[in-house]
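Novice: Provided herewith: protein-v2.cif, mmCIF, C-alpha atoms.
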```cif
data_model
#
loop_
_atom_site.label_atom_id
_atom_site.label_comp_id
_atom_site.auth_asym_id
_atom_site.auth_seq_id
_atom_site.Cartn_x
_atom_site.Cartn_y
_atom_site.Cartn_z
CA MET A 317 72.79 -25.86 -55.01
CA PHE A 318 72.76 -25.80 -51.22
CA VAL A 319 72.28 -28.22 -48.34
CA LEU A 320 70.28 -27.31 -45.23
CA ARG A 321 71.16 -29.57 -42.30
CA ARG A 322 71.36 -29.78 -38.53
CA ALA A 323 74.68 -28.44 -37.25
CA VAL A 324 77.17 -30.90 -35.78
CA GLU A 325 80.33 -30.49 -33.71
CA ALA A 326 82.49 -30.42 -36.85
CA ASP A 327 80.69 -27.18 -37.83
CA ILE A 328 81.71 -25.19 -34.76
CA GLU A 329 84.74 -23.48 -36.33
CA SER A 330 82.82 -22.71 -39.54
CA ILE A 331 79.94 -21.21 -37.57
CA TYR A 332 82.44 -19.10 -35.66
CA GLN A 333 83.97 -17.86 -38.93
CA VAL A 334 80.52 -16.87 -40.23
CA ASP A 335 79.81 -15.14 -36.91
CA LYS A 336 83.07 -13.17 -37.14
CA ALA A 337 82.30 -12.10 -40.71
CA VAL A 338 78.78 -10.93 -39.84
CA PHE A 339 78.69 -9.58 -36.28
CA THR A 340 80.80 -6.89 -34.63
CA ILE A 341 80.93 -8.99 -31.46
CA PRO A 342 81.02 -12.68 -32.41
CA TRP A 343 80.12 -15.40 -29.96
CA LEU A 344 82.97 -17.29 -28.34
CA VAL A 345 83.81 -20.68 -29.82
CA GLU A 346 83.05 -22.21 -26.41
CA SER A 347 79.54 -20.71 -26.42
CA ILE A 348 78.88 -22.09 -29.89
CA ARG A 349 80.19 -25.49 -28.81
CA ASP A 350 77.96 -25.51 -25.71
CA ASP A 351 74.92 -24.71 -27.83
CA ILE A 352 75.68 -27.33 -30.50
CA GLU A 353 76.23 -30.00 -27.86
CA ASP A 354 72.95 -29.23 -26.03
CA LYS A 355 70.63 -31.00 -28.45
CA ASP A 356 67.73 -31.09 -25.96
CA ASN A 357 67.48 -27.32 -25.49
CA ARG A 358 69.17 -25.84 -28.57
CA ILE A 359 68.50 -26.05 -32.31
CA TYR A 360 71.20 -25.12 -34.83
CA TYR A 361 71.08 -25.39 -38.61
CA VAL A 362 73.67 -24.61 -41.23
CA ILE A 363 73.52 -24.11 -44.98
CA ASP A 364 76.37 -25.52 -47.05
CA VAL A 365 77.26 -24.33 -50.53
CA ASP A 366 80.06 -26.31 -52.21
CA ASP A 367 80.76 -28.05 -48.88
CA GLN A 368 81.32 -24.71 -47.11
CA VAL A 369 79.10 -23.37 -44.31
CA ILE A 370 77.83 -20.05 -45.64
CA ALA A 371 75.02 -19.46 -43.12
CA TYR A 372 73.70 -20.68 -39.81
CA ALA A 373 70.87 -20.07 -37.38
CA GLY A 374 70.21 -21.09 -33.81
CA ALA A 375 67.46 -21.09 -31.23
CA TRP A 376 67.10 -21.87 -27.55
CA LEU A 377 64.12 -23.79 -26.21
CA VAL A 378 63.00 -22.55 -22.77
CA ALA A 379 59.77 -23.91 -21.26
CA ASP A 380 57.26 -23.26 -24.07
CA GLU A 381 59.17 -20.40 -25.71
CA GLY A 382 61.71 -20.43 -28.49
CA GLN A 383 64.40 -17.74 -28.59
CA ILE A 384 66.12 -17.27 -31.93
CA THR A 385 69.65 -16.31 -30.98
CA ASN A 386 71.37 -15.73 -34.31
CA ILE A 387 70.74 -15.87 -38.01
CA ALA A 388 73.87 -15.16 -40.03
CA VAL A 389 74.62 -15.32 -43.75
CA LEU A 390 78.03 -14.53 -45.20
CA PRO A 391 77.91 -11.17 -47.02
CA ASN A 392 78.57 -12.68 -50.49
CA TYR A 393 75.52 -14.95 -50.10
CA ARG A 394 72.98 -12.42 -48.86
CA ARG A 395 69.76 -11.59 -50.72
CA GLN A 396 69.52 -15.14 -52.04
CA GLY A 397 66.89 -16.37 -49.59
CA TYR A 398 69.15 -18.25 -47.17
CA GLY A 399 68.09 -16.20 -44.16
CA ALA A 400 64.44 -16.92 -44.89
CA ILE A 401 65.14 -20.64 -45.36
CA LEU A 402 66.91 -20.82 -42.00
CA THR A 403 64.26 -18.78 -40.19
CA ARG A 404 61.42 -20.91 -41.57
CA LYS A 405 63.26 -24.07 -40.50
CA LEU A 406 63.76 -22.73 -36.96
CA ILE A 407 60.08 -21.75 -36.74
CA LYS A 408 58.97 -25.20 -37.88
CA GLU A 409 61.31 -26.98 -35.45
CA CYS A 410 60.44 -24.76 -32.48
CA PHE A 411 56.72 -25.33 -32.96
CA ALA A 412 57.26 -29.07 -33.60
CA GLN A 413 59.04 -29.28 -30.24
CA GLY A 414 56.12 -27.72 -28.38
CA MET A 415 57.05 -24.06 -28.32
CA GLN A 416 54.01 -21.76 -28.24
CA GLU A 417 55.79 -18.50 -29.03
CA ILE A 418 59.12 -17.60 -30.63
CA PHE A 419 61.06 -14.45 -29.80
CA LEU A 420 64.03 -12.67 -31.33
CA GLU A 421 65.80 -9.32 -31.10
CA VAL A 422 66.74 -7.25 -34.13
CA ARG A 423 68.57 -3.95 -34.49
CA VAL A 424 66.15 -1.09 -35.06
CA SER A 425 68.24 -0.11 -38.11
CA ASN A 426 68.15 -3.58 -39.69
CA GLN A 427 65.23 -2.99 -42.04
CA ALA A 428 66.03 -6.01 -44.23
CA ALA A 429 65.77 -8.44 -41.31
CA GLN A 430 62.65 -6.75 -39.95
CA THR A 431 60.98 -7.04 -43.35
CA LEU A 432 61.80 -10.77 -43.46
CA TYR A 433 60.52 -11.37 -39.93
CA ARG A 434 57.29 -9.46 -40.58
CA ARG A 435 56.76 -11.42 -43.79
CA LEU A 436 57.04 -14.61 -41.72
CA GLY A 437 54.46 -13.37 -39.21
CA PHE A 438 56.56 -11.80 -36.45
CA THR A 439 55.31 -8.63 -34.80
CA VAL A 440 57.09 -6.07 -32.62
CA LYS A 441 56.36 -6.66 -28.93
CA GLY A 442 58.73 -4.19 -27.32
CA LEU A 443 62.03 -2.38 -27.32
CA ARG A 444 65.31 -3.16 -25.54
CA LYS A 445 67.23 0.08 -25.02
CA GLN A 446 70.93 -0.06 -25.91
CA TYR A 447 70.75 -3.84 -26.40
CA TYR A 448 73.53 -3.91 -28.98
CA SER A 449 77.03 -2.53 -28.79
CA LYS A 450 79.62 -1.67 -31.44
CA PRO A 451 77.63 0.35 -32.39
CA THR A 452 75.28 0.92 -29.47
CA GLU A 453 71.73 0.52 -30.68
CA ASP A 454 68.26 -0.39 -29.48
CA ALA A 455 66.65 -3.68 -30.44
CA TYR A 456 63.07 -4.50 -31.26
CA ILE A 457 61.72 -7.57 -29.52
CA MET A 458 59.68 -9.47 -32.09
CA SER A 459 57.55 -12.56 -31.57
CA LEU A 460 55.57 -15.13 -33.46
CA VAL A 461 52.73 -16.97 -31.70
CA LYS A 462 51.84 -20.50 -32.76
CA GLU A 463 48.48 -20.63 -34.47
CA LYS A 464 45.74 -22.47 -32.61
CA GLU A 465 44.99 -25.87 -34.06
#
```
Spell out the structure here as structure tokens.

Specialist:
Amino acid sequence: MFVLRRAVEADIESIYQVDKAVFTIPWLVESIRDDIEDKDNRIYYVIDVDDQVIAYAGAWLVADEGQITNIAVLPNYRRQGYGAILTRKLIKECFAQGMQEIFLEVRVSNQAAQTLYRRLGFTVKGLRKQYYSKPTEDAYIMSLVKEKE
């Protein structure tokens, strides 16, 4: 059983620990704190399993565009659908808050994430050369446009 909920200040250290376990260059605790505290322009969700944060995702809201910043799931909990749950929740919230398009970057080698994003309707819009470091790698820019009502 899991709980999907909006992140709160008490989650900052747990989010940082997930970030460190998943990414070669984790965000600074201060950056995570700034994002969690900015409830008007940032959206962060966590998934708890047995009262432990095992995954999180965040997005920035800028004008009418959402920018998914991170989606991270602890390695022992991957391939159980948590990434998809978090991504769907961010999409729903971004569109509910008036965003017309959502963007994200993904490593060109990350086939699993690309497959998920395509399944959710994202398409490749461009390429950012040497976007990632450790290791240096290009990123696809992917986007999802809100359907006309």

Novice: With range 323-343 of chain A as the partner and 8 Å as the cut-off, tabulate the residues of range 371-424 of chain A that qualify, each row holding the nearest pair of atoms and their distance in Å to one decimal, using all atoms listed in the file, sorted by chain and rising number, as a Markdown table.

Specialist:
```
| residue | atom | partner | partner_atom | distance |
| --- | --- | --- | --- | --- |
| A:Ala371 | CA | A:Val334 | CA | 6.7 |
| A:Tyr372 | CA | A:Ile331 | CA | 6.7 |
| A:Ala388 | CA | A:Val338 | CA | 6.5 |
| A:Val389 | CA | A:Val334 | CA | 7.0 |
| A:Leu390 | CA | A:Val334 | CA | 6.0 |
| A:Pro391 | CA | A:Val338 | CA | 7.2 |
```

Novice: What gap, in Å, lies between CA of Ser459 in chain A and CA of Val440 in chain A?

Specialist: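 Separation between CA of Ser459 in chain A and CA of Val440 in chain A: 6.6 Å.
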
Novice: Which residues are close to Phe411 in chain A, i.e. within 10 Å by only C-alpha atoms, leaving aside same-chain residues fewer than 6 positions away? Reply as a short mmCIF file (atom, residue, chain, number, x, y, z; two decimals) with C-alpha atoms, in the frame of the given file.

Specialist:
```cif
data_model
loop_
_atom_site.label_atom_id
_atom_site.label_comp_id
_atom_site.auth_asym_id
_atom_site.auth_seq_id
_atom_site.Cartn_x
_atom_site.Cartn_y
_atom_site.Cartn_z
CA ASP A 380 57.26 -23.26 -24.07
CA GLU A 381 59.17 -20.40 -25.71
CA GLY A 382 61.71 -20.43 -28.49
CA GLU A 417 55.79 -18.50 -29.03
CA ILE A 418 59.12 -17.60 -30.63
CA VAL A 461 52.73 -16.97 -31.70
CA LYS A 462 51.84 -20.50 -32.76
CA GLU A 463 48.48 -20.63 -34.47
#
```

Novice: I'd like to know which of A:Ala400, A:Cys410, A:Leu344, A:Ala373 is closest to Arg435 in chain A, using only C-alpha atoms.

Specialist: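 Looking at the shortest contact to Arg435 in chain A, the residue is A:Ala400.
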
Novice: What is the CA of Leu436 in chain A to CA of Asn392 in chain A distance in Å?

Specialist: 23.3 Å

Novice: Quick check on the file I pasted: which residues fall under the PyMOL selection byres ((chain A and resi 404) around 12)? Write them as a list in words.

Specialist: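 After applying the PyMOL selection byres ((chain A and resi 404) around 12), what remains is Leu320, Tyr361, Ala373, Gly374, Ala375, Ile384, Ile387, Gly397, Tyr398, Gly399, Ala400, Ile401, Leu402, Thr403, Lys405, Leu406, Ile407, Lys408, Glu409, Cys410, Phe411, Ile418, Leu432, Tyr433, Arg435, Leu436, Gly437, Phe438 and Leu460 of chain A.
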
Novice: Taking the file as shown, find all residues satisfying the PyMOL selection byres ((chain A and resi 424) around 7) and write them as a list in words.

Specialist: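 With the shown file as input, the PyMOL selection byres ((chain A and resi 424) around 7) matches Val422, Arg423, Ser425, Asn426, Asp454, Ala455 and Tyr456 of chain A.
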
Novice: Any idea what the distance is between CA of Thr385 in chain A and CA of Tyr360 in chain A?

Specialist: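 Computed distance, CA of Thr385 in chain A to CA of Tyr360 in chain A, equals 9.7 Å.
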